[in-house]
Amino acid sequence: MPVVAARGGLPRGTLSRAFSAIHLVQSAQTTFEDVMYIDVDESGLISIEGECAGGAAPAAAAAAAAAARLAPDVHARTAELAAADVRGDVALRLRLLADLQPHQELLLWFDDRVLALADMPFLALRNIKGKKNYECHECGAQFEQPNPLKVHLFLACGPYSPLAFWRQFGARLAAAAAGRASSFRPYAPVTPAAPLAPAAAAGAAEAAEAAARLEALAAEWGRARGGHVCVYCGKLYSRKYGLKIHIRTHTGYKPLRCRYCLRAFGDPSNLNKHVRLHAAGGDGAAGADGAGGGGAARLACGVCGKRLGRRRDLLRHVRARHSPCAVP
């Protein structure tokens with residue numbers, strides 16, 4: 001398997017140009033040299049050594065991602081594959097998470113949004129048998145690190161190859177893109193669903209209670225000398241509250257609901273952002289709080305039409321999504 005490494009020193013936070021999942025799958029079918037070196041082009045973006053920043057730049061960035069080895073755990077990753085909204089579509093880009101020294105290898109994993117879009121499996125307590133001891137609950141295969149087990153489950157216990165992985169990855173992202181509701185349209189008021197039947201309501205309440213107990217147990221088990229450690233992926237938090245919210249990304253527990261459309265959330269900050277979108281969209285329910293259509297017009301992005309709840313969010317969005325470096 002080839003190694004992707006930095007030719008010279010590359011600073012943390014360096015990005016690539018945006019590319020699509022199709023670019024990734026196409027790149028995975030290519031035979032690469034033993035070592036692929038990455039550098040930055042004249043725009044300060046990641047590129048393969050020898051590639052120009054012209055029309056082939058997105059494919060070159062995808063080639064680096066497809067050729068990179070996957071990080072065995074969250075601590076080993078030096079780069080992530082991150083989701084980016086470009087012209088209304090979900091695109092991908094590489095982001096360095098650490099300063100890369102000359103000839104240091106790039107080890108890849110995924111940001112939370114990409115993990116959700118690809119439906120990457122998360123590990124449950126039944127998969128964690130001990131330190132450096134992870135077990136597949138489907139076939140009993142043993143792993144020393146958590147991420148290889150996640151990939152194993154992602155491939156339905158099939159043999160790993162970069163081509164098989166990226167084909168499955170591309171198919172899941174395509175399915176997610178086809179099925180997701182556009183975030184660039186205002187939210188419409190939703191009529192609450194009919195109440196659950198007593199048996200179904202009892203089952204839902206029991207499941208929520210079990211998820212809450214699991215969250216509390218995992219947070220308690222995560223106590224460590226340096227802070228609070230996630231028992232699923234090893235990520236370290238200084239505060240127990242941060243770990244508690246993070247654990248919900250593994251368990252899928254979403255105890256918070258939007259008061260306008262009843263959408264469920266696990267992270268309070270995400271819920272607050274979502275509620276501000278209702279206000280910016282001028283929903284009838286939001287109007288009771290003093291937000292109307294005029295606010296929506298003032299806080300709509302002039303490039304892509306995305307609505308944001310606060311002026312600083314709009315400015316941040318324009319800088320991140322529509323600056324010259326952000327558009328391929």
# chains A, B, ... in the order shown; residues from 1 in each chain; ligands from 1
>>> residues_around(residues="Leu236 in chain A", least_positions_apart="6", cutoff="9 Å", atoms="only C-alpha atoms", output="list of chain:residue names")
A:Gly222, A:Gly226, A:Gly227, A:His228, A:Val229, A:Cys230, A:Leu243
>>> closest_residue(among="A:Leu96, A:Val231, A:Gly252, A:Ile38", to="Ala116 in chain A", atoms="only C-alpha atoms")
A:Gly252
>>> select_by_dssp(residues="range 76-270 of chain A", states="alpha helix (DSSP H)", output="MDAnalysis selection string")
chainID A and resid 112:117 146:154 162:179 198:221 240:251 268:270
>>> closest_residue(among="A:Gly170, A:Gly302, A:Pro159, A:Pro72", to="Phe143 in chain A", atoms="only C-alpha atoms")
A:Pro72
>>> closest_residue(among="A:Met1, A:Leu315, A:Trp109, A:Ile46", to="Ala67 in chain A", atoms="only C-alpha atoms")
A:Met1
>>> closest_residue(among="A:Ala264, A:Cys258, A:Leu106, A:Val35", to="Ala76 in chain A", atoms="only C-alpha atoms")
A:Leu106
>>> closest_residue(among="A:Gln142, A:Gln101, A:Ser16, A:Ser47", to="Gly130 in chain A", atoms="only C-alpha atoms")
A:Gln142
>>> residues_around(residues="Tyr253 in chain A", least_positions_apart="4", cutoff="10 Å", atoms="only C-alpha atoms", output="mmCIF file with all heavy atoms, in the first residue's frame")
data_model
loop_
_atom_site.group_PDB
_atom_site.id
_atom_site.type_symbol
_atom_site.label_atom_id
_atom_site.label_comp_id
_atom_site.auth_asym_id
_atom_site.auth_seq_id
_atom_site.Cartn_x
_atom_site.Cartn_y
_atom_site.Cartn_z
ATOM 1 N N ALA A 207 -36.272 2.714 25.438
ATOM 2 C CA ALA A 207 -35.036 2.837 24.666
ATOM 3 C C ALA A 207 -34.276 4.104 25.050
ATOM 4 O O ALA A 207 -33.045 4.092 25.175
ATOM 5 C CB ALA A 207 -35.357 2.835 23.177
ATOM 6 N N ALA A 208 -35.010 5.221 25.227
ATOM 7 C CA ALA A 208 -34.368 6.471 25.624
ATOM 8 C C ALA A 208 -33.728 6.349 27.004
ATOM 9 O O ALA A 208 -32.624 6.850 27.239
ATOM 10 C CB ALA A 208 -35.392 7.608 25.616
ATOM 11 N N GLU A 209 -34.402 5.665 27.917
ATOM 12 C CA GLU A 209 -33.859 5.471 29.262
ATOM 13 C C GLU A 209 -32.586 4.616 29.217
ATOM 14 O O GLU A 209 -31.602 4.899 29.902
ATOM 15 C CB GLU A 209 -34.905 4.811 30.151
ATOM 16 C CG GLU A 209 -34.466 4.660 31.599
ATOM 17 C CD GLU A 209 -35.538 4.022 32.464
ATOM 18 O OE1 GLU A 209 -36.698 3.934 31.999
ATOM 19 O OE2 GLU A 209 -35.212 3.622 33.589
ATOM 20 N N ALA A 210 -32.598 3.583 28.362
ATOM 21 C CA ALA A 210 -31.413 2.729 28.229
ATOM 22 C C ALA A 210 -30.249 3.521 27.646
ATOM 23 O O ALA A 210 -29.095 3.375 28.077
ATOM 24 C CB ALA A 210 -31.741 1.523 27.343
ATOM 25 N N ALA A 211 -30.544 4.404 26.641
ATOM 26 C CA ALA A 211 -29.486 5.220 26.047
ATOM 27 C C ALA A 211 -28.909 6.192 27.065
ATOM 28 O O ALA A 211 -27.697 6.426 27.097
ATOM 29 C CB ALA A 211 -30.036 5.974 24.838
ATOM 30 N N ALA A 212 -29.771 6.749 27.919
ATOM 31 C CA ALA A 212 -29.293 7.673 28.957
ATOM 32 C C ALA A 212 -28.399 6.941 29.956
ATOM 33 O O ALA A 212 -27.370 7.480 30.399
ATOM 34 C CB ALA A 212 -30.485 8.318 29.661
ATOM 35 N N LEU A 214 -26.612 4.255 29.329
ATOM 36 C CA LEU A 214 -25.362 3.933 28.638
ATOM 37 C C LEU A 214 -24.459 5.155 28.568
ATOM 38 O O LEU A 214 -23.246 5.056 28.777
ATOM 39 C CB LEU A 214 -25.672 3.434 27.224
ATOM 40 C CG LEU A 214 -24.464 3.100 26.337
ATOM 41 C CD1 LEU A 214 -23.603 2.017 26.974
ATOM 42 C CD2 LEU A 214 -24.937 2.663 24.947
ATOM 43 N N GLU A 215 -25.054 6.327 28.317
ATOM 44 C CA GLU A 215 -24.276 7.566 28.269
ATOM 45 C C GLU A 215 -23.618 7.841 29.616
ATOM 46 O O GLU A 215 -22.430 8.183 29.690
ATOM 47 C CB GLU A 215 -25.192 8.718 27.877
ATOM 48 C CG GLU A 215 -24.524 10.076 27.871
ATOM 49 C CD GLU A 215 -25.519 11.181 27.593
ATOM 50 O OE1 GLU A 215 -25.944 11.312 26.434
ATOM 51 O OE2 GLU A 215 -25.886 11.897 28.552
ATOM 52 N N ILE A 245 -21.541 14.960 25.665
ATOM 53 C CA ILE A 245 -22.129 15.350 24.381
ATOM 54 C C ILE A 245 -21.484 14.556 23.248
ATOM 55 O O ILE A 245 -22.165 14.112 22.311
ATOM 56 C CB ILE A 245 -21.949 16.865 24.155
ATOM 57 C CG1 ILE A 245 -22.666 17.660 25.248
ATOM 58 C CG2 ILE A 245 -22.481 17.266 22.783
ATOM 59 C CD1 ILE A 245 -24.144 17.378 25.366
ATOM 60 N N ILE A 247 -20.213 11.521 23.379
ATOM 61 C CA ILE A 247 -20.647 10.117 23.410
ATOM 62 C C ILE A 247 -21.928 9.928 22.599
ATOM 63 O O ILE A 247 -22.146 8.874 21.990
ATOM 64 C CB ILE A 247 -20.829 9.660 24.869
ATOM 65 C CG1 ILE A 247 -19.458 9.465 25.533
ATOM 66 C CG2 ILE A 247 -21.634 8.358 24.957
ATOM 67 C CD1 ILE A 247 -19.523 9.209 27.024
ATOM 68 N N ARG A 248 -22.746 10.960 22.533
ATOM 69 C CA ARG A 248 -24.002 10.851 21.773
ATOM 70 C C ARG A 248 -23.752 10.660 20.281
ATOM 71 O O ARG A 248 -24.620 10.143 19.575
ATOM 72 C CB ARG A 248 -24.861 12.097 22.017
ATOM 73 C CG ARG A 248 -25.360 12.195 23.450
ATOM 74 C CD ARG A 248 -26.107 13.499 23.713
ATOM 75 N NE ARG A 248 -26.505 13.590 25.112
ATOM 76 C CZ ARG A 248 -27.058 14.654 25.666
ATOM 77 N NH1 ARG A 248 -27.275 15.747 24.931
ATOM 78 N NH2 ARG A 248 -27.384 14.662 26.950
ATOM 79 N N THR A 249 -22.582 11.090 19.776
ATOM 80 C CA THR A 249 -22.280 10.846 18.361
ATOM 81 C C THR A 249 -22.028 9.365 18.113
ATOM 82 O O THR A 249 -22.158 8.897 16.976
ATOM 83 C CB THR A 249 -21.048 11.659 17.912
ATOM 84 O OG1 THR A 249 -19.866 11.183 18.595
ATOM 85 C CG2 THR A 249 -21.227 13.137 18.222
ATOM 86 N N ALA A 264 -34.862 16.018 16.292
ATOM 87 C CA ALA A 264 -34.096 15.616 17.473
ATOM 88 C C ALA A 264 -32.624 15.993 17.333
ATOM 89 O O ALA A 264 -32.052 15.940 16.232
ATOM 90 C CB ALA A 264 -34.230 14.112 17.692
ATOM 91 N N PHE A 265 -32.011 16.347 18.453
ATOM 92 C CA PHE A 265 -30.596 16.718 18.490
ATOM 93 C C PHE A 265 -29.940 16.130 19.737
ATOM 94 O O PHE A 265 -30.582 15.946 20.763
ATOM 95 C CB PHE A 265 -30.430 18.245 18.516
ATOM 96 C CG PHE A 265 -30.812 18.930 17.233
ATOM 97 C CD1 PHE A 265 -32.132 19.300 17.014
ATOM 98 C CD2 PHE A 265 -29.875 19.177 16.261
ATOM 99 C CE1 PHE A 265 -32.494 19.910 15.830
ATOM 100 C CE2 PHE A 265 -30.226 19.791 15.074
ATOM 101 C CZ PHE A 265 -31.535 20.154 14.850
ATOM 102 N N GLY A 266 -28.645 15.868 19.620
ATOM 103 C CA GLY A 266 -27.873 15.429 20.766
ATOM 104 C C GLY A 266 -27.038 16.545 21.364
ATOM 105 O O GLY A 266 -26.684 16.506 22.539
ATOM 106 N N ASP A 267 -26.691 17.546 20.546
ATOM 107 C CA ASP A 267 -25.817 18.636 20.970
ATOM 108 C C ASP A 267 -26.632 19.920 21.115
ATOM 109 O O ASP A 267 -27.254 20.373 20.147
ATOM 110 C CB ASP A 267 -24.712 18.830 19.931
ATOM 111 C CG ASP A 267 -23.645 19.802 20.381
ATOM 112 O OD1 ASP A 267 -23.940 20.646 21.250
ATOM 113 O OD2 ASP A 267 -22.511 19.730 19.867
#
>>> atom_distance(atom1="CA of His246 in chain A", atom2="CA of Leu97 in chain A")
18.5 Å
>>> select_by_dssp(residues="range 88-191 of chain A", states="strand (DSSP E)", output="VMD selection string")
chain A and resid 89 to 96 107 to 110 128 to 130 133 to 135 142 to 143
>>> write_last_selection(atoms="N, CA, C and O atoms", output="compact mmCIF listing (two decimals), in the first residue's frame")
# COMPACT_ATOMS: atom_id res chain seq x y z
N ASP A 89 -23.82 22.01 -2.94
CA ASP A 89 -23.62 20.56 -2.91
C ASP A 89 -22.61 20.21 -1.82
O ASP A 89 -21.76 21.02 -1.45
N VAL A 90 -22.70 18.97 -1.33
CA VAL A 90 -21.73 18.50 -0.36
C VAL A 90 -20.48 18.04 -1.10
O VAL A 90 -20.54 17.16 -1.96
N ALA A 91 -19.36 18.65 -0.78
CA ALA A 91 -18.08 18.27 -1.35
C ALA A 91 -17.16 17.84 -0.22
O ALA A 91 -17.51 17.93 0.96
N LEU A 92 -15.99 17.37 -0.57
CA LEU A 92 -15.02 16.87 0.40
C LEU A 92 -13.71 17.63 0.23
O LEU A 92 -13.38 18.10 -0.86
N ARG A 93 -12.96 17.71 1.31
CA ARG A 93 -11.62 18.28 1.21
C ARG A 93 -10.75 17.74 2.34
O ARG A 93 -11.25 17.36 3.39
N LEU A 94 -9.47 17.72 2.08
CA LEU A 94 -8.51 17.31 3.10
C LEU A 94 -8.20 18.50 4.01
O LEU A 94 -8.08 19.62 3.54
N ARG A 95 -8.05 18.22 5.29
CA ARG A 95 -7.65 19.24 6.26
C ARG A 95 -6.59 18.63 7.17
O ARG A 95 -6.82 17.58 7.78
N LEU A 96 -5.44 19.28 7.27
CA LEU A 96 -4.39 18.79 8.16
C LEU A 96 -4.75 19.13 9.60
O LEU A 96 -5.10 20.26 9.92
N LEU A 107 -1.90 10.37 7.94
CA LEU A 107 -2.83 9.32 8.36
C LEU A 107 -4.23 9.93 8.43
O LEU A 107 -4.45 10.92 9.13
N LEU A 108 -5.15 9.34 7.71
CA LEU A 108 -6.45 9.96 7.45
C LEU A 108 -7.56 9.36 8.29
O LEU A 108 -7.61 8.16 8.53
N TRP A 109 -8.47 10.24 8.74
CA TRP A 109 -9.76 9.81 9.26
C TRP A 109 -10.79 10.84 8.83
O TRP A 109 -10.52 11.62 7.90
N PHE A 110 -11.96 10.88 9.43
CA PHE A 110 -13.07 11.66 8.90
C PHE A 110 -13.65 12.57 9.98
O PHE A 110 -13.65 12.23 11.16
N ILE A 128 -15.74 -3.48 22.99
CA ILE A 128 -14.53 -3.09 23.69
C ILE A 128 -14.27 -4.10 24.80
O ILE A 128 -14.93 -4.11 25.84
N LYS A 129 -13.31 -4.97 24.57
CA LYS A 129 -13.01 -6.04 25.52
C LYS A 129 -11.90 -5.68 26.49
O LYS A 129 -11.71 -6.34 27.51
N GLY A 130 -11.15 -4.65 26.18
CA GLY A 130 -10.04 -4.26 27.03
C GLY A 130 -9.10 -3.37 26.25
O GLY A 130 -9.36 -3.02 25.09
N ASN A 133 -7.93 -4.34 22.64
CA ASN A 133 -8.69 -5.57 22.42
C ASN A 133 -10.11 -5.20 22.02
O ASN A 133 -10.95 -4.89 22.85
N TYR A 134 -10.35 -5.20 20.70
CA TYR A 134 -11.65 -4.84 20.13
C TYR A 134 -12.16 -6.02 19.32
O TYR A 134 -11.40 -6.64 18.57
N GLU A 135 -13.43 -6.32 19.46
CA GLU A 135 -13.98 -7.53 18.84
C GLU A 135 -15.23 -7.20 18.03
O GLU A 135 -16.11 -6.45 18.48
N GLN A 142 -10.86 -10.08 15.75
CA GLN A 142 -10.19 -9.32 16.80
C GLN A 142 -9.32 -8.22 16.19
O GLN A 142 -8.69 -8.42 15.15
N PHE A 143 -9.27 -7.07 16.86
CA PHE A 143 -8.47 -5.93 16.41
C PHE A 143 -7.80 -5.28 17.62
O PHE A 143 -8.36 -5.28 18.72
>>> decode(residues="range 303-319 of chain A", atoms="N, CA and C atoms", output="PDB file, in the first residue's frame")
ATOM      1  N   VAL A 303     -24.614  34.672  -2.219  1.00  0.00           N
ATOM      2  CA  VAL A 303     -24.029  33.783  -3.231  1.00  0.00           C
ATOM      3  C   VAL A 303     -24.855  32.518  -3.401  1.00  0.00           C
ATOM      4  N   CYS A 304     -25.148  31.830  -2.280  1.00  0.00           N
ATOM      5  CA  CYS A 304     -25.830  30.532  -2.378  1.00  0.00           C
ATOM      6  C   CYS A 304     -27.232  30.548  -1.787  1.00  0.00           C
ATOM      7  N   GLY A 305     -27.615  31.645  -1.136  1.00  0.00           N
ATOM      8  CA  GLY A 305     -28.955  31.735  -0.589  1.00  0.00           C
ATOM      9  C   GLY A 305     -29.149  31.113   0.773  1.00  0.00           C
ATOM     10  N   LYS A 306     -28.105  30.528   1.341  1.00  0.00           N
ATOM     11  CA  LYS A 306     -28.248  29.894   2.649  1.00  0.00           C
ATOM     12  C   LYS A 306     -28.620  30.937   3.696  1.00  0.00           C
ATOM     13  N   ARG A 307     -29.554  30.584   4.573  1.00  0.00           N
ATOM     14  CA  ARG A 307     -30.020  31.501   5.613  1.00  0.00           C
ATOM     15  C   ARG A 307     -29.328  31.184   6.938  1.00  0.00           C
ATOM     16  N   LEU A 308     -28.916  32.221   7.617  1.00  0.00           N
ATOM     17  CA  LEU A 308     -28.242  32.055   8.892  1.00  0.00           C
ATOM     18  C   LEU A 308     -28.890  32.947   9.930  1.00  0.00           C
ATOM     19  N   GLY A 309     -28.778  32.518  11.194  1.00  0.00           N
ATOM     20  CA  GLY A 309     -29.492  33.189  12.263  1.00  0.00           C
ATOM     21  C   GLY A 309     -28.830  34.446  12.780  1.00  0.00           C
ATOM     22  N   ARG A 310     -27.509  34.602  12.609  1.00  0.00           N
ATOM     23  CA  ARG A 310     -26.808  35.753  13.146  1.00  0.00           C
ATOM     24  C   ARG A 310     -25.864  36.327  12.098  1.00  0.00           C
ATOM     25  N   ARG A 311     -25.593  37.626  12.202  1.00  0.00           N
ATOM     26  CA  ARG A 311     -24.729  38.287  11.232  1.00  0.00           C
ATOM     27  C   ARG A 311     -23.329  37.676  11.248  1.00  0.00           C
ATOM     28  N   ARG A 312     -22.810  37.375  12.435  1.00  0.00           N
ATOM     29  CA  ARG A 312     -21.453  36.819  12.492  1.00  0.00           C
ATOM     30  C   ARG A 312     -21.397  35.434  11.859  1.00  0.00           C
ATOM     31  N   ASP A 313     -22.513  34.673  11.942  1.00  0.00           N
ATOM     32  CA  ASP A 313     -22.551  33.378  11.267  1.00  0.00           C
ATOM     33  C   ASP A 313     -22.535  33.563   9.755  1.00  0.00           C
ATOM     34  N   LEU A 314     -23.234  34.600   9.271  1.00  0.00           N
ATOM     35  CA  LEU A 314     -23.237  34.881   7.835  1.00  0.00           C
ATOM     36  C   LEU A 314     -21.842  35.263   7.356  1.00  0.00           C
ATOM     37  N   LEU A 315     -21.163  36.137   8.112  1.00  0.00           N
ATOM     38  CA  LEU A 315     -19.808  36.540   7.720  1.00  0.00           C
ATOM     39  C   LEU A 315     -18.853  35.359   7.727  1.00  0.00           C
ATOM     40  N   ARG A 316     -18.970  34.505   8.744  1.00  0.00           N
ATOM     41  CA  ARG A 316     -18.113  33.325   8.812  1.00  0.00           C
ATOM     42  C   ARG A 316     -18.392  32.388   7.640  1.00  0.00           C
ATOM     43  N   HIS A 317     -19.670  32.225   7.304  1.00  0.00           N
ATOM     44  CA  HIS A 317     -20.060  31.371   6.176  1.00  0.00           C
ATOM     45  C   HIS A 317     -19.462  31.890   4.867  1.00  0.00           C
ATOM     46  N   VAL A 318     -19.554  33.203   4.624  1.00  0.00           N
ATOM     47  CA  VAL A 318     -19.036  33.777   3.371  1.00  0.00           C
ATOM     48  C   VAL A 318     -17.533  33.595   3.283  1.00  0.00           C
ATOM     49  N   ARG A 319     -16.824  33.834   4.394  1.00  0.00           N
ATOM     50  CA  ARG A 319     -15.370  33.665   4.383  1.00  0.00           C
ATOM     51  C   ARG A 319     -14.979  32.218   4.131  1.00  0.00           C
TER      52      ARG A 319
END
